[in-house]
Amino acid sequence: MDNACESPTEKGGETRESDEPTAAPGGSRVTEMDGIPEETDGDGDGELKEAAAEEGELKSQDIADLTAVEREDSLLTPAAKKLKIDTKEKKEKKQKVDEDEIQKMQILVSSFSEEQLNRYEMYRRSAFPKAAIKRLIQSITGTSVSQNVVIAMSGISKVFVGEVVEEALDVCEKWGEMPPLQPKHMREAVRRLKSKGQIPNSKHKKIIFF
Amino acid sequence: MADEEDPTFEEESKEIGGGAEGGQGKRKRLFSKELRCMMYGFGDDQNPYTESMDILEDLVIEFITEMTHKAMSIGRQGRIQVEDIVFLIRKDPRKFARVKDLLTMNEELKRARKAFDEANYGS
């Protein structure tokens, strides 16, 4: 396989090719948090370090100021307060999860066979040529498009190809056949994805009521 | 029934030489090299069938066309912007996460390159 298909992701290190939705609900470990969390300095986890530092600074000032913050915080409903702390926690938890995941990926990749390594390299490096995508989009819109649009479009197209190929491989396996994929697998895969709504089709006008 | 299909396809592709499906007719294949790598990366054989690649390329072009048309019809009409694409993709978790990642990394790279250039220029 000789080609120079570089994808922008290659330079940025590991990307998580996971199926998790981005809005992952973070489990809040902090339940009862009314008032200023200065006692959690000894927590050691540092999840409330920022908040504690802020409050600590204020504490060294006038007491009136402190009560102002307290008042402000008490104006926030307990739900809003929890949300503020939760988002800070979530961000730090996410960083730790990222590091964990990077380590796991490294261990996994180091244990690949040569064929697997080849395939993984193709998976990471293959990408659609930006020039061709830009030309295609511009021929549809008639106006020029920004670079970010081209980047986004080639990225989702690659994900789209991945979805179709994976579904086709599922179909192929289910029918008891072997790769390479044949057109009948591809067409069945497209049919299945269409019923799931993954394939956009604006040609058929849906009649809702009649 | 399945065996009858495949030889027909091979015949067609030899005759027309371009799109075997007839869907894209005479248009030259835009992504044959890249699609081959991509299909191998996603699990297919190292040498995928040309017909499957043709089907995939038609699918991709149709996908891009649909997205472009939809994006042009929302937000600022007649123009295509990143926000429109992100809006259209919002329901699909994989694609949404991917676009976010790509755009964030692009920003980081731009910043890093800018900082590097400034450092060079300064010295």
# chains A, B, ... in the order shown; residues from 1 in each chain; ligands from 1

call {"tool": "interface_residues", "arguments": {"of": "chain B", "to": "chain A", "cutoff": "7 Å", "atoms": "only C-alpha atoms", "output": "PyMOL selection string"}}
result
chain B and resi 34+37-42+44-45+48-49+51-52+60+63+66+68+80-82+93-95+97-99+105

call {"tool": "write_last_selection", "arguments": {"atoms": "N, CA, C and O atoms", "output": "short mmCIF file (atom, residue, chain, number, x, y, z; two decimals), in the first residue's frame"}}
result
data_model
loop_
_atom_site.label_atom_id
_atom_site.label_comp_id
_atom_site.auth_asym_id
_atom_site.auth_seq_id
_atom_site.Cartn_x
_atom_site.Cartn_y
_atom_site.Cartn_z
N GLU B 34 -7.74 6.75 -2.59
CA GLU B 34 -7.99 6.97 -1.18
C GLU B 34 -9.03 5.99 -0.65
O GLU B 34 -8.92 5.49 0.47
N CYS B 37 -7.52 2.63 0.26
CA CYS B 37 -6.87 2.61 1.58
C CYS B 37 -7.90 2.61 2.69
O CYS B 37 -7.77 1.88 3.68
N MET B 38 -8.94 3.43 2.50
CA MET B 38 -9.94 3.56 3.55
C MET B 38 -10.66 2.26 3.78
O MET B 38 -10.89 1.85 4.92
N MET B 39 -11.03 1.58 2.70
CA MET B 39 -11.76 0.33 2.88
C MET B 39 -10.90 -0.71 3.56
O MET B 39 -11.37 -1.46 4.42
N TYR B 40 -9.63 -0.75 3.20
CA TYR B 40 -8.74 -1.68 3.89
C TYR B 40 -8.65 -1.32 5.36
O TYR B 40 -8.72 -2.19 6.23
N GLY B 41 -8.52 -0.03 5.65
CA GLY B 41 -8.42 0.40 7.04
C GLY B 41 -9.64 0.03 7.84
O GLY B 41 -9.54 -0.31 9.02
N PHE B 42 -10.81 0.08 7.22
CA PHE B 42 -12.03 -0.20 7.97
C PHE B 42 -12.37 -1.67 8.02
O PHE B 42 -13.38 -2.04 8.62
N ASP B 44 -12.02 -4.17 5.20
CA ASP B 44 -12.19 -4.95 3.98
C ASP B 44 -10.86 -5.58 3.60
O ASP B 44 -9.85 -5.41 4.29
N ASP B 45 -10.86 -6.27 2.48
CA ASP B 45 -9.67 -6.92 2.00
C ASP B 45 -8.65 -5.88 1.55
O ASP B 45 -8.99 -4.71 1.34
N PRO B 48 -9.90 -4.38 -2.47
CA PRO B 48 -11.36 -4.48 -2.57
C PRO B 48 -11.79 -4.49 -4.03
O PRO B 48 -11.07 -4.05 -4.92
N TYR B 49 -13.01 -4.99 -4.25
CA TYR B 49 -13.55 -5.04 -5.60
C TYR B 49 -13.77 -3.63 -6.13
O TYR B 49 -14.16 -2.73 -5.39
N GLU B 51 -16.12 -2.77 -8.13
CA GLU B 51 -17.54 -2.43 -8.11
C GLU B 51 -17.95 -1.91 -6.75
O GLU B 51 -18.72 -0.95 -6.65
N SER B 52 -17.44 -2.56 -5.69
CA SER B 52 -17.77 -2.06 -4.36
C SER B 52 -17.24 -0.66 -4.16
O SER B 52 -17.91 0.20 -3.57
N VAL B 60 -20.61 8.29 -1.30
CA VAL B 60 -19.96 9.43 -0.66
C VAL B 60 -20.34 10.72 -1.36
O VAL B 60 -20.65 11.73 -0.72
N PHE B 63 -23.73 11.63 -0.44
CA PHE B 63 -23.77 12.13 0.93
C PHE B 63 -23.32 13.58 0.99
O PHE B 63 -23.97 14.43 1.60
N GLU B 66 -25.94 15.86 -0.56
CA GLU B 66 -27.09 16.09 0.32
C GLU B 66 -26.75 17.03 1.44
O GLU B 66 -27.50 17.98 1.73
N THR B 68 -24.42 19.25 1.60
CA THR B 68 -24.20 20.61 1.11
C THR B 68 -25.53 21.31 0.84
O THR B 68 -25.73 22.46 1.24
N ILE B 80 -22.47 28.04 2.71
CA ILE B 80 -22.26 26.88 3.57
C ILE B 80 -21.23 27.24 4.61
O ILE B 80 -20.14 27.73 4.30
N GLN B 81 -21.60 27.03 5.88
CA GLN B 81 -20.71 27.38 6.97
C GLN B 81 -20.58 26.19 7.91
O GLN B 81 -21.41 25.29 7.91
N VAL B 82 -19.53 26.23 8.70
CA VAL B 82 -19.26 25.08 9.56
C VAL B 82 -20.39 24.85 10.55
O VAL B 82 -20.76 23.72 10.84
N PRO B 93 -23.95 10.82 16.96
CA PRO B 93 -22.87 11.05 17.94
C PRO B 93 -21.48 10.89 17.36
O PRO B 93 -20.59 11.70 17.65
N ARG B 94 -21.29 9.87 16.51
CA ARG B 94 -19.94 9.66 15.98
C ARG B 94 -19.46 10.84 15.16
O ARG B 94 -18.37 11.36 15.36
N LYS B 95 -20.32 11.23 14.20
CA LYS B 95 -19.89 12.29 13.30
C LYS B 95 -19.72 13.60 14.05
O LYS B 95 -18.78 14.36 13.80
N ALA B 97 -18.89 14.06 17.22
CA ALA B 97 -17.64 14.04 17.98
C ALA B 97 -16.45 14.22 17.05
O ALA B 97 -15.49 14.93 17.38
N ARG B 98 -16.51 13.57 15.89
CA ARG B 98 -15.40 13.66 14.96
C ARG B 98 -15.18 15.09 14.48
O ARG B 98 -14.06 15.58 14.44
N VAL B 99 -16.28 15.76 14.12
CA VAL B 99 -16.14 17.14 13.63
C VAL B 99 -15.58 18.03 14.73
O VAL B 99 -14.68 18.84 14.49
N MET B 105 -8.59 20.33 16.91
CA MET B 105 -7.19 20.08 16.61
C MET B 105 -6.66 21.04 15.58
O MET B 105 -5.49 21.45 15.64
#

call {"tool": "atom_distance", "arguments": {"atom1": "CA of Asp92 (chain B)", "atom2": "CA of Thr104 (chain B)"}}
result
18.3 Å

call {"tool": "atom_distance", "arguments": {"atom1": "CA of Glu115 (chain A)", "atom2": "CA of Gln46 (chain B)"}}
result
10.2 Å

call {"tool": "closest_residue", "arguments": {"among": "B:Leu30, B:Ile74, B:Ala115, B:Val86", "to": "Ile61 (chain B)", "atoms": "only C-alpha atoms"}}
result
B:Leu30

call {"tool": "atom_distance", "arguments": {"atom1": "CA of Thr50 (chain B)", "atom2": "CA of Glu177 (chain A)"}}
result
18.1 Å
